[in-house]
Amino acid sequence: MFNLKLRVISVAAMAGLLLSVDCTTQAPEKAEMPAANTTTPATQTEMPATKGEKPTTPADPRATAEFNNRIAAYADVHKKADGQVPSLKRTDDPKEISFREIALGDAIRALRADARPGDIMFGEIAEEFRRLIKKDYGGRSREERKIFLDEVPQFHPTINQRYPSEWPLATFPATLLEVMPKLPEILEYRLLSEELILRDVKANIVVDFILDVY
Amino acid sequence: MPGSRLRRVVAAAAVVGCWLAAPIAQDLALPLKPDSVRFAVIGDSGTGAKPQYELANQMIAYHEKYPFTFVIMNGDNLYGSERPQDFVNKFEAPYKALLDAKVDFFAALGNHDDPNQRFYKPFNMGGQRYYTFKKGNARFFSLDSNYVDPVQLAWLEKELKASGSDWKIPFFHHPLYASGQHGSQVDLRVVLEPLFIRYGVDVVFAGHEHFYQRVKPQQGITYFVSGAGGRLRRGDLKQADFGAAGYDQDLSFMLIEIADKEMTFQAVSRTGQTVDKGLIVQRAGADPIVVGGSTPASPAPIRKTPVPAQPLR
């Protein structure tokens, strides 16, 4: 059903392209995908963060250990959900990327339907993150704060929501990442106008958030 | 089917019309040396709007004169929604002629890009958020400047250290030096610049600011901002001590040629004007020689009285 919907959307888009074409481009008769590049393979690059690596944050070690446990538990949920849907791998077809991302998000949502804010970034670790972010933010000049908040999304998140594509992903300051606990490659920290969120990179969903971080 | 026939006729007429009205590359400032590394640079391109297509057509016209074999993309490859049709409207359709000519695109992630773009084969990211590849005597490092964590930094250091290439060229979205609305990304500079200096990076390309800017060599490294591949922030280029040249009056892209120890560059506007051009010469153990300047026909001044920037959205 979903594939059918995608096909209808694609056909409609191509028809729109054909009918609205002007002299700025050639009108494709169909969505032609370029051939996969086989001559210039990119080298393997990413090294996943190791679970349980010693964090550089000065938080209570027990709190950090508990945070790492909860992250590991989420990673297990992600893995289970990933096993239920076609895995996201390299493809010429953007429909596959979109479909798999949405399917993975749906599967995770189903597996953690009862998730609540603070399930992962719980009390003590949330306080520590607030302290780290406020310290970093407070130590910046006015100009640096402007850059810090540059294009920070203004929406307020809910757990398991899809990260809205109309909002950019605000750059997470590299200097702050140096002191935050490392995350596995499926997760990342992101800042919103008032919140710190944990975002599932592959599923593009908000996994957890905390308020009042500046 | 009469409807399909009509559509085919309309499409064919559009193609012929576009061919007749296609821009002609006006002024090639590159030497076209044998066996040189030839590529183009775009940034902030993925709007799917008419100006992006017009600039793409200019790239296609220049490709006739200067057959570059690949394009690096400095991020914001797809603005807004990333539905399947957006990959077509904002990437495949505007650059169709280049893709058909087997020109490879190598993307970096911008702050408007879903990191899952790394799985889209035509972006040649190998499924990675950051990656490296080599062309001739140049090694390129595509970084994810949205999220420079210690893991990425460790990877970059390892790759830079292992690179025996003559030219080391990182490209990513957020500029370490720029004088526009966003400004220089000092946070990034703190963590990246020491590595660039330590391991002999030569040239860096970035986007994010919607204009063209060339920066005076900073500790031996020449920085370019090429972020007007689809969006323009007209009049946003402000006076800066580090600025060498710039252009903020129209969309632009860059053409680069590397031959042995020389890199020739040319920045071209949507109308085909050369807005900056020059030469960077590597010198062992010394700062590079950078010779550059705008053409008399299209001066590229750094504006002293900036026009208020247009909002992004």
# chains A, B, ... in the order shown; residues from 1 in each chain; ligands from 1
>>> interface_residues(of="chain B", to="chain A", cutoff="6 Å", atoms="only C-alpha atoms", output="PyMOL selection string")
chain B and resi 11+15+18+53-54+80-81+84-85+99+111-112+119-121+126+131-133+146-149
>>> write_last_selection(atoms="N, CA and C atoms", output="tab-separated table (two decimals), in the first residue's frame")
chain	number	residue	atom	x	y	z
B	11	ALA	N	7.64	17.71	-23.65
B	11	ALA	CA	8.98	17.45	-23.11
B	11	ALA	C	10.04	17.66	-24.18
B	15	VAL	N	13.07	20.34	-24.24
B	15	VAL	CA	14.48	19.97	-24.38
B	15	VAL	C	15.13	20.77	-25.50
B	18	CYS	N	15.42	24.37	-24.49
B	18	CYS	CA	16.52	24.55	-23.54
B	18	CYS	C	17.86	24.48	-24.24
B	53	TYR	N	18.52	25.36	-11.12
B	53	TYR	CA	18.56	24.78	-12.46
B	53	TYR	C	19.37	25.66	-13.41
B	54	GLU	N	19.24	26.96	-13.25
B	54	GLU	CA	19.97	27.88	-14.13
B	54	GLU	C	21.47	27.77	-13.88
B	80	GLY	N	14.70	21.26	2.95
B	80	GLY	CA	13.30	20.94	3.26
B	80	GLY	C	13.03	19.45	3.20
B	81	SER	N	11.90	19.11	2.62
B	81	SER	CA	11.49	17.71	2.62
B	81	SER	C	12.47	16.86	1.82
B	84	PRO	N	11.04	10.98	-1.84
B	84	PRO	CA	11.73	10.46	-3.03
B	84	PRO	C	11.76	11.46	-4.18
B	85	GLN	N	10.67	12.15	-4.41
B	85	GLN	CA	10.64	13.09	-5.54
B	85	GLN	C	11.56	14.29	-5.30
B	99	LEU	N	25.21	13.88	-14.75
B	99	LEU	CA	25.12	12.48	-14.31
B	99	LEU	C	25.16	11.55	-15.51
B	111	ASN	N	23.55	21.17	7.42
B	111	ASN	CA	22.60	21.13	8.53
B	111	ASN	C	21.15	20.95	8.06
B	112	HIS	N	20.93	21.02	6.77
B	112	HIS	CA	19.59	20.76	6.24
B	112	HIS	C	19.48	19.34	5.68
B	119	PHE	N	23.22	6.95	2.33
B	119	PHE	CA	22.89	5.67	1.67
B	119	PHE	C	22.47	5.86	0.21
B	120	TYR	N	22.42	7.09	-0.23
B	120	TYR	CA	22.00	7.39	-1.60
B	120	TYR	C	23.24	7.29	-2.51
B	121	LYS	N	23.28	6.27	-3.31
B	121	LYS	CA	24.50	5.96	-4.07
B	121	LYS	C	25.03	7.13	-4.91
B	126	GLY	N	29.41	6.20	0.38
B	126	GLY	CA	29.78	4.88	0.88
B	126	GLY	C	29.04	4.48	2.15
B	131	TYR	N	33.99	10.53	5.03
B	131	TYR	CA	34.71	9.53	4.24
B	131	TYR	C	35.83	10.22	3.47
B	132	THR	N	36.66	9.43	2.84
B	132	THR	CA	37.77	10.00	2.08
B	132	THR	C	37.89	9.28	0.75
B	133	PHE	N	38.40	9.99	-0.23
B	133	PHE	CA	38.66	9.36	-1.53
B	133	PHE	C	39.82	10.09	-2.19
B	146	ASN	N	28.39	18.99	11.04
B	146	ASN	CA	27.26	19.16	11.97
B	146	ASN	C	27.53	18.48	13.30
B	147	TYR	N	28.42	17.51	13.25
B	147	TYR	CA	28.58	16.66	14.43
B	147	TYR	C	30.01	16.14	14.50
B	148	VAL	N	30.91	17.04	14.85
B	148	VAL	CA	32.32	16.66	14.90
B	148	VAL	C	32.63	16.15	16.31
B	149	ASP	N	32.40	14.89	16.50
B	149	ASP	CA	32.64	14.29	17.82
B	149	ASP	C	34.07	13.73	17.86
>>> residues_around(residues="Glu194 (chain A)", least_positions_apart="3", cutoff="7 Å", atoms="only C-alpha atoms", output="PDB file with C-alpha atoms, in the first residue's frame")
ATOM      1  CA  LEU A 211      14.124  20.848  28.918  1.00  0.00           C
ATOM      2  CA  ASP A 212      15.776  24.043  30.079  1.00  0.00           C
ATOM      3  CA  VAL A 213      19.295  23.437  28.876  1.00  0.00           C
ATOM      4  CA  TYR A 214      20.468  27.026  28.363  1.00  0.00           C
TER       5      TYR A 214
END
>>> select_by_dssp(residues="region 65-276 of chain B", states="strand (DSSP E or B)", output="NGL selection string")
:B and (70-73 or 104-107 or 120 or 131-135 or 138-142 or 167-171 or 203-206 or 212-215 or 218 or 221-226 or 243-247 or 252-259 or 262-269 or 274-276)
>>> closest_residue(among="B:Arg283, B:Lys50, B:His63, B:Lys161", to="Leu255 (chain B)", atoms="only C-alpha atoms")
B:His63
